[in-house]
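Read through the structure below, which is laid out as structure tokens, and then see the notes.
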Protein chains: 2
Amino acid sequence: MDTGACTAFFSENFPLWAKLSQTERGLICKMTSEEFFSKGSNIHSGSNECTGAIFIKKGCLRAYILSEDGREITLYRLYKNDICMLSASCVLKSITFDVFVDAEEDSEVYIINGKTFADIAEKNSYVKIFALETAVKRFSSVMWIMQQILFMSLDRRIALFLCEEMEKTGNRTIKLTHAEIARYTGSAREAVSRMLKYFEEEKTVELFRGGITVSDPESLKLYAEG
Amino acid sequence: MDTGACTAFFSENFPLWAKLSQTERGLICKMTSEEFFSKGSNIHSGSNECTGAIFIKKGCLRAYILSEDGREITLYRLYKNDICMLSASCVLKSITFDVFVDAEEDSEVYIINGKTFADIAEKNSYVKIFALETAVKRFSSVMWIMQQILFMSLDRRIALFLCEEMEKTGNRTIKLTHAEIARYTGSAREAVSRMLKYFEEEKTVELFRGGITVSDPESLKLYAEG
């Protein structure tokens, strides 16, 4: 990547930059590639690969785990200026589980070469601490999701998801299929369809092909609160 | 704690000791208490408390999460010379979920004061890296458990658990109640009883009050492999 553009971008958007030496900065710029991923494409698959540290310039990435039979559970989403470290298993050697990362929207990212990042982390403890702290933060998000999935009943889970979508988009109409909602909430599609049908009968939502309109946000909120 | 005994113990059993200054060692010894917990007693509850870093001298601790209705999911177990860092939320500020820690057997532990550990970690990057790396290792164990619970079918889950117990104790007789097995595998007791009954009918196990004898380890292994 061009050193001028790289320096300009990272010094502005990446707080760790201030803790790097000139040599380290040069090395990172040299070993960073700018990449574009279209919506739905896969960026990283599993722990054997060391894709690198993925810095999100624009768009949204989704990290998830995958069962043998293809069921997905979303662990967290990353947005502008977030960094994905679980895709750099060569930096975080104690991460031994398989994480997958897809572009959830058209996304522009910078991928810092994993080996380069790992080498710098070995010498610069700020970098190592940054990488580990990022992973521990994700640990907390993941635990939150897991508790939702394991402990919360499905009605509550789906209601909570729809409430969050409404809040995120500021729109009562949520353009997601039942299969997508099932994927995002870690449930079976059939179960989600059944629950949505139930919400429809209760006049909480209206269903249409490819989406849902929340007709009674208050009632949905009550479900979400359990 | 007595400085002589403290130094003798930690220099022998705690690799991080070599990376501490004399002052830091003295501070840790001063702020460490030796404690005994009898089987089943609670040591740490939730993220608001900063119990400290718990170093296991003898016995076994169990870390778990708890649902609102009291369901437990075991995250991992810690044995001799392991250290529990999730009980020191003042050291790992990004850990925001509630972990509970119980003594699973009569246990002797050293509890290093959380505030003291945090202060040292702020100045000594080896200590900070050690704390974070310990947490990231637990992250991997937890992900493994979660994948088991979320993705694996119950028969496989229970079979795997019984296989591991056999391996751990070297004994085909497992002295655990259905309720305990349910707790350890994150399942409902009724479901566990049903599945064990099924294994019994298949001549894989024999049930008795308070325990299980595995009569056909090979068949159990096949279930565990799915």
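We label chains A, B, ... in the order they appear in the structure tokens, count residues from 1 in each chain, and number ligands from 1 in the order shown.
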
**Request:** Would you give me, as a ChimeraX atom specification, the residues of chain B that come within 10 Å of chain A, using only C-alpha atoms?
**Result:** /B:65-73,92-98,125-126,128-144,146-152,186-187

**Request:** Tell me, as a PyMOL selection string, which residues lie within 10 Å of Ala182 in chain A, counting only C-alpha atoms; anything in the same chain fewer than 3 positions away does not count.
**Result:** chain A and resi 71-73+158+176-179+185-193

Using N, CA and C atoms, can you write the selected residues to a file as a short mmCIF file (atom, residue, chain, number, x, y, z; two decimals), in the first residue's frame?
```cif
data_model
loop_
_atom_site.label_atom_id
_atom_site.label_comp_id
_atom_site.auth_asym_id
_atom_site.auth_seq_id
_atom_site.Cartn_x
_atom_site.Cartn_y
_atom_site.Cartn_z
N ARG A 71 -24.95 -24.96 10.16
CA ARG A 71 -25.66 -23.93 10.93
C ARG A 71 -24.66 -22.86 11.35
N GLU A 72 -25.09 -21.61 11.27
CA GLU A 72 -24.20 -20.51 11.64
C GLU A 72 -24.67 -19.85 12.92
N ILE A 73 -23.74 -19.39 13.74
CA ILE A 73 -24.11 -18.51 14.84
C ILE A 73 -23.24 -17.27 14.77
N ILE A 158 -36.11 -13.53 19.43
CA ILE A 158 -36.48 -12.95 18.14
C ILE A 158 -36.98 -11.52 18.35
N LEU A 176 -35.54 -8.71 6.03
CA LEU A 176 -34.75 -9.92 6.23
C LEU A 176 -35.69 -11.11 6.08
N THR A 177 -35.20 -12.17 5.50
CA THR A 177 -36.02 -13.38 5.38
C THR A 177 -36.01 -14.14 6.70
N HIS A 178 -36.91 -15.08 6.82
CA HIS A 178 -36.95 -15.91 8.03
C HIS A 178 -35.64 -16.67 8.19
N ALA A 179 -35.10 -17.12 7.06
CA ALA A 179 -33.83 -17.87 7.12
C ALA A 179 -32.71 -16.98 7.66
N THR A 185 -30.12 -15.29 14.83
CA THR A 185 -30.50 -15.57 16.21
C THR A 185 -30.09 -16.98 16.63
N GLY A 186 -29.40 -17.69 15.74
CA GLY A 186 -28.93 -19.04 16.08
C GLY A 186 -30.08 -20.01 16.30
N SER A 187 -31.11 -19.94 15.47
CA SER A 187 -32.28 -20.80 15.64
C SER A 187 -32.56 -21.54 14.34
N ALA A 188 -33.50 -22.47 14.41
CA ALA A 188 -33.92 -23.17 13.20
C ALA A 188 -34.91 -22.30 12.44
N ARG A 189 -34.86 -22.35 11.10
CA ARG A 189 -35.74 -21.50 10.31
C ARG A 189 -37.21 -21.78 10.61
N GLU A 190 -37.55 -23.07 10.71
CA GLU A 190 -38.93 -23.46 10.98
C GLU A 190 -39.42 -22.81 12.28
N ALA A 191 -38.57 -22.85 13.31
CA ALA A 191 -38.95 -22.30 14.61
C ALA A 191 -39.18 -20.79 14.50
N VAL A 192 -38.31 -20.12 13.71
CA VAL A 192 -38.46 -18.68 13.54
C VAL A 192 -39.76 -18.36 12.81
N SER A 193 -40.06 -19.11 11.74
CA SER A 193 -41.30 -18.88 10.99
C SER A 193 -42.51 -19.06 11.89
#
```

**Request:** Write out as a ChimeraX atom specification all residues of range 24-190 of chain A that DSSP puts in strand (DSSP E or B) for this structure's backbone.
**Result:** /A:32-37,42-45,50,53-58,61-66,72-78,83-84,88,100-103,107-112,173-174

**Prompt:** So which residues of range 93-215 of chain B fall under alpha helix (DSSP H) by DSSP, listed as a PyMOL selection string?
**Reply:** chain B and resi 114-123+125-151+154-169+178-185+189-201

Keeping only C-alpha atoms, write the selected residues to a file as a short mmCIF file (atom, residue, chain, number, x, y, z; two decimals), in the first residue's frame.
```cif
data_model
loop_
_atom_site.label_atom_id
_atom_site.label_comp_id
_atom_site.auth_asym_id
_atom_site.auth_seq_id
_atom_site.Cartn_x
_atom_site.Cartn_y
_atom_site.Cartn_z
CA GLY B 114 -7.17 -7.88 42.46
CA LYS B 115 -6.27 -4.23 42.95
CA THR B 116 -2.62 -5.13 43.63
CA PHE B 117 -2.49 -7.36 40.56
CA ALA B 118 -4.10 -4.60 38.45
CA ASP B 119 -1.61 -1.99 39.69
CA ILE B 120 1.34 -4.23 38.84
CA ALA B 121 -0.17 -5.11 35.43
CA GLU B 122 -0.39 -1.37 34.61
CA LYS B 123 3.37 -0.99 35.05
CA SER B 125 3.67 -5.39 30.60
CA TYR B 126 4.64 -9.04 31.19
CA VAL B 127 1.97 -9.18 33.88
CA LYS B 128 -0.63 -7.51 31.70
CA ILE B 129 0.15 -9.83 28.79
CA PHE B 130 -0.01 -12.82 31.11
CA ALA B 131 -3.47 -11.80 32.39
CA LEU B 132 -4.81 -11.17 28.90
CA GLU B 133 -3.32 -14.36 27.46
CA THR B 134 -4.87 -16.38 30.27
CA ALA B 135 -8.27 -14.86 29.45
CA VAL B 136 -7.86 -15.53 25.71
CA LYS B 137 -7.00 -19.18 26.45
CA ARG B 138 -10.23 -19.48 28.45
CA PHE B 139 -12.04 -17.85 25.51
CA SER B 140 -10.95 -20.80 23.38
CA SER B 141 -12.13 -23.38 25.96
CA VAL B 142 -15.43 -21.58 26.28
CA MET B 143 -15.95 -21.53 22.53
CA TRP B 144 -15.35 -25.24 22.45
CA ILE B 145 -18.02 -25.84 25.10
CA MET B 146 -20.45 -23.49 23.37
CA GLN B 147 -20.05 -25.25 20.05
CA GLN B 148 -20.70 -28.54 21.81
CA ILE B 149 -23.85 -27.23 23.41
CA LEU B 150 -25.20 -25.31 20.46
CA PHE B 151 -24.33 -27.62 17.64
CA LEU B 154 -27.72 -34.37 23.15
CA ASP B 155 -26.79 -38.06 22.75
CA ARG B 156 -23.40 -37.09 21.43
CA ARG B 157 -22.94 -34.50 24.15
CA ILE B 158 -23.69 -36.86 27.01
CA ALA B 159 -21.67 -39.69 25.50
CA LEU B 160 -18.70 -37.36 25.09
CA PHE B 161 -19.03 -36.19 28.68
CA LEU B 162 -19.14 -39.77 30.02
CA CYS B 163 -16.13 -40.76 27.88
CA GLU B 164 -14.15 -37.84 29.27
CA GLU B 165 -15.12 -38.69 32.85
CA MET B 166 -14.01 -42.30 32.32
CA GLU B 167 -10.72 -41.12 30.88
CA LYS B 168 -10.19 -38.63 33.71
CA THR B 169 -10.85 -41.10 36.51
CA HIS B 178 -28.53 -37.05 36.39
CA ALA B 179 -28.95 -33.53 37.71
CA GLU B 180 -25.17 -33.12 37.92
CA ILE B 181 -24.65 -34.47 34.42
CA ALA B 182 -27.37 -32.10 33.20
CA ARG B 183 -25.57 -29.21 34.81
CA TYR B 184 -22.19 -30.17 33.35
CA THR B 185 -23.58 -30.63 29.85
CA ARG B 189 -32.31 -32.96 33.80
CA GLU B 190 -35.35 -34.65 32.25
CA ALA B 191 -33.64 -34.78 28.86
CA VAL B 192 -30.50 -36.29 30.42
CA SER B 193 -32.50 -38.94 32.27
CA ARG B 194 -34.30 -39.85 29.06
CA MET B 195 -31.08 -40.12 27.13
CA LEU B 196 -29.37 -42.19 29.86
CA LYS B 197 -32.41 -44.49 29.93
CA TYR B 198 -31.99 -44.87 26.18
CA PHE B 199 -28.30 -45.71 26.59
CA GLU B 200 -29.30 -48.27 29.22
CA GLU B 201 -31.80 -49.91 26.91
#
```

**Item:** CA of Val99 in chain B to CA of Gly46 in chain B, straight-line distance in Å
**Value:**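 Result for CA of Gly46 in chain B versus CA of Val99 in chain B: 5.0 Å, one decimal.
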
**Asked** Can you tell me, as a PyMOL selection string, what residues are no more than 10 Å from range 215-217 of chain A when counting only C-alpha atoms, ignoring any on the same chain fewer than 2 positions away?
**Response** chain A and resi 159+162-163+166+172-173+199-200+202-207+212-213+219-223

**Item:** Selection near Asp82 in chain A, 10 Å with only C-alpha atoms, sequence-local residues under 6 positions removed, as a PyMOL selection string
**Value:** chain A and resi 13-14+54-58+60-61+134

Could you turn the residues from that selection into a file that holds C-alpha atoms, as an mmCIF file, in the first residue's frame?
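Printed below is part33.cif as written:
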```
data_model
loop_
_atom_site.group_PDB
_atom_site.id
_atom_site.type_symbol
_atom_site.label_atom_id
_atom_site.label_comp_id
_atom_site.auth_asym_id
_atom_site.auth_seq_id
_atom_site.Cartn_x
_atom_site.Cartn_y
_atom_site.Cartn_z
ATOM 1 C CA ASN A 13 -8.126 6.277 12.489
ATOM 2 C CA PHE A 14 -5.976 3.798 14.410
ATOM 3 C CA ILE A 54 -8.662 -6.761 9.163
ATOM 4 C CA PHE A 55 -9.230 -3.050 9.607
ATOM 5 C CA ILE A 56 -12.678 -1.929 8.455
ATOM 6 C CA LYS A 57 -12.594 1.258 6.418
ATOM 7 C CA LYS A 58 -16.195 1.102 5.257
ATOM 8 C CA CYS A 60 -19.773 -4.190 7.926
ATOM 9 C CA LEU A 61 -18.223 -7.580 8.612
ATOM 10 C CA THR A 134 -9.255 -6.694 21.300
#
```

After fit on chain A (all C-alpha, ordered pairs), chain B as a tab-separated table (two decimals) with C-alpha atoms, in the first residue's frame:
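Saved to result.tsv:
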```
chain	number	residue	atom	x	y	z
B	1	MET	CA	0.01	0.00	0.02
B	2	ASP	CA	1.17	3.57	-0.71
B	3	THR	CA	3.01	4.86	2.38
B	4	GLY	CA	1.55	8.36	2.22
B	5	ALA	CA	-2.07	7.21	2.03
B	6	CYS	CA	-1.42	4.49	4.62
B	7	THR	CA	0.14	6.89	7.13
B	8	ALA	CA	-2.56	9.49	6.58
B	9	PHE	CA	-5.31	6.94	7.10
B	10	PHE	CA	-3.95	5.04	10.10
B	11	SER	CA	-2.69	8.08	12.01
B	12	GLU	CA	-6.23	9.44	11.76
B	13	ASN	CA	-8.23	6.27	12.45
B	14	PHE	CA	-6.07	3.80	14.39
B	15	PRO	CA	-5.14	4.92	17.94
B	16	LEU	CA	-2.42	2.24	18.21
B	17	TRP	CA	-0.51	4.09	15.45
B	18	ALA	CA	0.89	6.54	18.02
B	19	LYS	CA	2.59	3.66	19.85
B	20	LEU	CA	4.51	2.42	16.80
B	21	SER	CA	8.06	3.32	15.84
B	22	GLN	CA	8.82	4.78	12.40
B	23	THR	CA	10.22	1.41	11.30
B	24	GLU	CA	7.13	-0.45	12.49
B	25	ARG	CA	4.86	2.00	10.69
B	26	GLY	CA	6.81	1.59	7.48
B	27	LEU	CA	6.67	-2.19	7.78
B	28	ILE	CA	2.91	-2.19	8.37
B	29	CYS	CA	2.28	0.11	5.41
B	30	LYS	CA	4.40	-2.10	3.20
B	31	MET	CA	2.56	-5.23	4.30
B	32	THR	CA	-1.00	-3.91	4.21
B	33	SER	CA	-3.29	-4.45	1.26
B	34	GLU	CA	-6.44	-2.55	0.49
B	35	GLU	CA	-9.24	-4.91	-0.47
B	36	PHE	CA	-12.85	-4.81	-1.47
B	37	PHE	CA	-15.37	-7.52	-0.60
B	38	SER	CA	-18.83	-7.55	-2.06
B	39	LYS	CA	-21.84	-8.31	0.14
B	40	GLY	CA	-22.01	-11.96	1.14
B	41	SER	CA	-18.46	-12.89	0.18
B	42	ASN	CA	-16.22	-14.81	2.56
B	43	ILE	CA	-13.06	-13.12	3.89
B	44	HIS	CA	-11.71	-15.59	6.43
B	45	SER	CA	-12.32	-19.29	7.11
B	46	GLY	CA	-11.18	-21.08	10.23
B	47	SER	CA	-8.17	-21.03	12.51
B	48	ASN	CA	-5.63	-22.62	10.17
B	49	GLU	CA	-5.52	-19.58	7.96
B	50	CYS	CA	-3.77	-16.44	9.11
B	51	THR	CA	-5.59	-13.91	6.97
B	52	GLY	CA	-4.29	-11.02	9.04
B	53	ALA	CA	-5.71	-8.18	11.09
B	54	ILE	CA	-8.66	-6.78	9.15
B	55	PHE	CA	-9.25	-3.07	9.59
B	56	ILE	CA	-12.71	-1.98	8.39
B	57	LYS	CA	-12.63	1.20	6.35
B	58	LYS	CA	-16.21	1.03	5.17
B	59	GLY	CA	-19.04	-1.51	5.38
B	60	CYS	CA	-19.79	-4.29	7.82
B	61	LEU	CA	-18.22	-7.67	8.55
B	62	ARG	CA	-19.85	-10.57	10.35
B	63	ALA	CA	-17.89	-13.11	12.42
B	64	TYR	CA	-19.54	-16.48	13.01
B	65	ILE	CA	-18.98	-20.10	13.92
B	66	LEU	CA	-20.19	-22.97	11.78
B	67	SER	CA	-21.49	-26.41	12.75
B	68	GLU	CA	-20.61	-29.54	10.80
B	69	ASP	CA	-24.05	-29.49	9.21
B	70	GLY	CA	-23.67	-25.88	8.12
B	71	ARG	CA	-25.60	-24.05	10.86
B	72	GLU	CA	-24.16	-20.61	11.57
B	73	ILE	CA	-24.10	-18.61	14.77
B	74	THR	CA	-23.21	-14.96	14.48
B	75	LEU	CA	-20.69	-13.98	17.14
B	76	TYR	CA	-20.44	-10.25	16.43
B	77	ARG	CA	-20.43	-7.63	13.71
B	78	LEU	CA	-17.67	-5.14	12.98
B	79	TYR	CA	-18.18	-1.67	11.57
B	80	LYS	CA	-16.08	1.28	10.37
B	81	ASN	CA	-12.76	1.62	12.25
B	82	ASP	CA	-13.21	-1.71	14.06
B	83	ILE	CA	-10.48	-4.28	13.73
B	84	CYS	CA	-10.87	-8.03	13.44
B	85	MET	CA	-8.09	-9.86	15.31
B	86	LEU	CA	-9.58	-13.37	15.42
B	87	SER	CA	-8.70	-13.63	11.72
B	88	ALA	CA	-5.04	-13.37	12.73
B	89	SER	CA	-4.53	-16.67	14.54
B	90	CYS	CA	-0.79	-16.34	14.05
B	91	VAL	CA	-0.92	-13.29	16.33
B	92	LEU	CA	-3.30	-14.80	18.90
B	93	LYS	CA	-1.86	-18.27	19.22
B	94	SER	CA	-4.21	-19.28	22.01
B	95	ILE	CA	-7.27	-18.81	19.78
B	96	THR	CA	-7.85	-22.37	18.66
B	97	PHE	CA	-11.43	-22.30	17.46
B	98	ASP	CA	-12.60	-21.74	13.91
B	99	VAL	CA	-14.05	-18.32	13.20
B	100	PHE	CA	-15.46	-17.36	9.84
B	101	VAL	CA	-15.74	-13.79	8.60
B	102	ASP	CA	-18.02	-12.64	5.78
B	103	ALA	CA	-18.77	-9.21	4.34
B	104	GLU	CA	-22.32	-8.45	5.36
B	105	GLU	CA	-22.38	-5.37	3.16
B	106	ASP	CA	-20.10	-4.24	0.37
B	107	SER	CA	-16.97	-3.52	2.40
B	108	GLU	CA	-13.61	-1.83	2.00
B	109	VAL	CA	-10.93	-3.12	4.31
B	110	TYR	CA	-7.22	-2.90	4.98
B	111	ILE	CA	-5.65	-6.26	5.71
B	112	ILE	CA	-2.46	-6.03	7.74
B	113	ASN	CA	-0.34	-9.11	7.06
B	114	GLY	CA	-0.63	-11.52	10.00
B	115	LYS	CA	3.02	-12.52	10.15
B	116	THR	CA	4.12	-8.86	10.11
B	117	PHE	CA	1.64	-7.99	12.85
B	118	ALA	CA	2.81	-10.99	14.91
B	119	ASP	CA	6.48	-10.03	14.54
B	120	ILE	CA	5.79	-6.47	15.68
B	121	ALA	CA	3.61	-7.73	18.58
B	122	GLU	CA	6.54	-9.88	19.79
B	123	LYS	CA	8.74	-6.80	20.17
B	124	ASN	CA	6.28	-4.03	20.97
B	125	SER	CA	4.20	-4.86	24.02
B	126	TYR	CA	1.66	-2.12	23.20
B	127	VAL	CA	0.82	-4.02	20.04
B	128	LYS	CA	0.57	-7.35	21.83
B	129	ILE	CA	-1.64	-5.85	24.54
B	130	PHE	CA	-3.80	-4.22	21.88
B	131	ALA	CA	-4.31	-7.54	20.06
B	132	LEU	CA	-5.12	-9.42	23.25
B	133	GLU	CA	-7.44	-6.71	24.57
B	134	THR	CA	-9.33	-6.70	21.28
B	135	ALA	CA	-9.80	-10.46	21.58
B	136	VAL	CA	-10.95	-10.22	25.21
B	137	LYS	CA	-13.52	-7.56	24.22
B	138	ARG	CA	-14.89	-9.94	21.59
B	139	PHE	CA	-14.96	-12.65	24.27
B	140	SER	CA	-17.41	-10.49	26.21
B	141	SER	CA	-19.64	-9.90	23.15
B	142	VAL	CA	-19.60	-13.60	22.38
B	143	MET	CA	-20.57	-14.50	25.94
B	144	TRP	CA	-23.48	-12.13	25.69
B	145	ILE	CA	-24.72	-13.81	22.50
B	146	MET	CA	-24.21	-17.28	23.97
B	147	GLN	CA	-26.21	-16.44	27.06
B	148	GLN	CA	-28.97	-15.14	24.82
B	149	ILE	CA	-29.02	-18.31	22.78
B	150	LEU	CA	-28.62	-20.77	25.61
B	151	PHE	CA	-30.77	-19.20	28.25
B	152	MET	CA	-33.37	-17.07	26.55
B	153	SER	CA	-36.53	-18.44	25.11
B	154	LEU	CA	-37.02	-18.07	21.39
B	155	ASP	CA	-39.82	-15.47	21.53
B	156	ARG	CA	-37.65	-13.20	23.61
B	157	ARG	CA	-34.65	-13.79	21.37
B	158	ILE	CA	-36.45	-12.92	18.16
B	159	ALA	CA	-38.22	-9.94	19.69
B	160	LEU	CA	-34.91	-8.61	20.98
B	161	PHE	CA	-33.33	-9.06	17.56
B	162	LEU	CA	-36.17	-7.21	15.81
B	163	CYS	CA	-36.03	-4.38	18.37
B	164	GLU	CA	-32.30	-3.99	17.77
B	165	GLU	CA	-32.76	-3.98	13.99
B	166	MET	CA	-35.43	-1.27	14.30
B	167	GLU	CA	-33.16	0.79	16.51
B	168	LYS	CA	-30.19	0.32	14.17
B	169	THR	CA	-32.04	1.32	11.01
B	170	GLY	CA	-34.59	3.68	12.57
B	171	ASN	CA	-37.19	1.89	10.47
B	172	ARG	CA	-40.10	-0.34	11.44
B	173	THR	CA	-39.71	-2.39	8.27
B	174	ILE	CA	-37.01	-5.01	8.47
B	175	LYS	CA	-35.99	-6.49	5.15
B	176	LEU	CA	-34.74	-9.88	6.24
B	177	THR	CA	-36.05	-13.33	5.38
B	178	HIS	CA	-36.98	-15.88	8.04
B	179	ALA	CA	-33.89	-17.85	7.09
B	180	GLU	CA	-31.70	-14.79	7.71
B	181	ILE	CA	-33.34	-14.08	11.05
B	182	ALA	CA	-32.84	-17.74	11.98
B	183	ARG	CA	-29.18	-17.46	11.12
B	184	TYR	CA	-28.70	-14.25	13.11
B	185	THR	CA	-30.48	-15.62	16.17
B	186	GLY	CA	-28.95	-19.11	16.03
B	187	SER	CA	-32.32	-20.83	15.60
B	188	ALA	CA	-33.99	-23.18	13.16
B	189	ARG	CA	-35.80	-21.47	10.28
B	190	GLU	CA	-39.01	-23.41	10.97
B	191	ALA	CA	-39.00	-22.27	14.59
B	192	VAL	CA	-38.49	-18.65	13.53
B	193	SER	CA	-41.33	-18.81	11.00
B	194	ARG	CA	-43.61	-20.28	13.65
B	195	MET	CA	-42.72	-17.59	16.15
B	196	LEU	CA	-43.12	-14.78	13.59
B	197	LYS	CA	-46.52	-16.21	12.62
B	198	TYR	CA	-47.41	-16.11	16.31
B	199	PHE	CA	-46.30	-12.47	16.56
B	200	GLU	CA	-48.43	-11.74	13.49
B	201	GLU	CA	-51.49	-13.33	15.03
B	202	GLU	CA	-50.86	-11.21	18.12
B	203	LYS	CA	-50.83	-8.10	15.84
B	204	THR	CA	-47.25	-7.34	16.88
B	205	VAL	CA	-45.79	-7.64	13.37
B	206	GLU	CA	-46.96	-7.89	9.77
B	207	LEU	CA	-45.20	-10.32	7.47
B	208	PHE	CA	-44.54	-9.80	3.79
B	209	ARG	CA	-42.38	-11.57	1.26
B	210	GLY	CA	-38.75	-10.86	2.21
B	211	GLY	CA	-39.46	-8.88	5.35
B	212	ILE	CA	-41.36	-7.86	8.44
B	213	THR	CA	-43.04	-4.65	9.55
B	214	VAL	CA	-43.30	-4.10	13.25
B	215	SER	CA	-46.85	-2.84	13.82
B	216	ASP	CA	-46.68	-2.70	17.62
B	217	PRO	CA	-43.19	-1.80	18.84
B	218	GLU	CA	-44.37	-1.52	22.45
B	219	SER	CA	-45.67	-5.06	22.51
B	220	LEU	CA	-42.50	-6.30	20.80
B	221	LYS	CA	-40.46	-4.59	23.51
B	222	LEU	CA	-42.47	-6.42	26.17
B	223	TYR	CA	-41.62	-9.73	24.54
B	224	ALA	CA	-37.97	-8.70	24.37
B	225	GLU	CA	-37.94	-7.94	28.07
B	226	GLY	CA	-39.39	-11.38	28.79
```
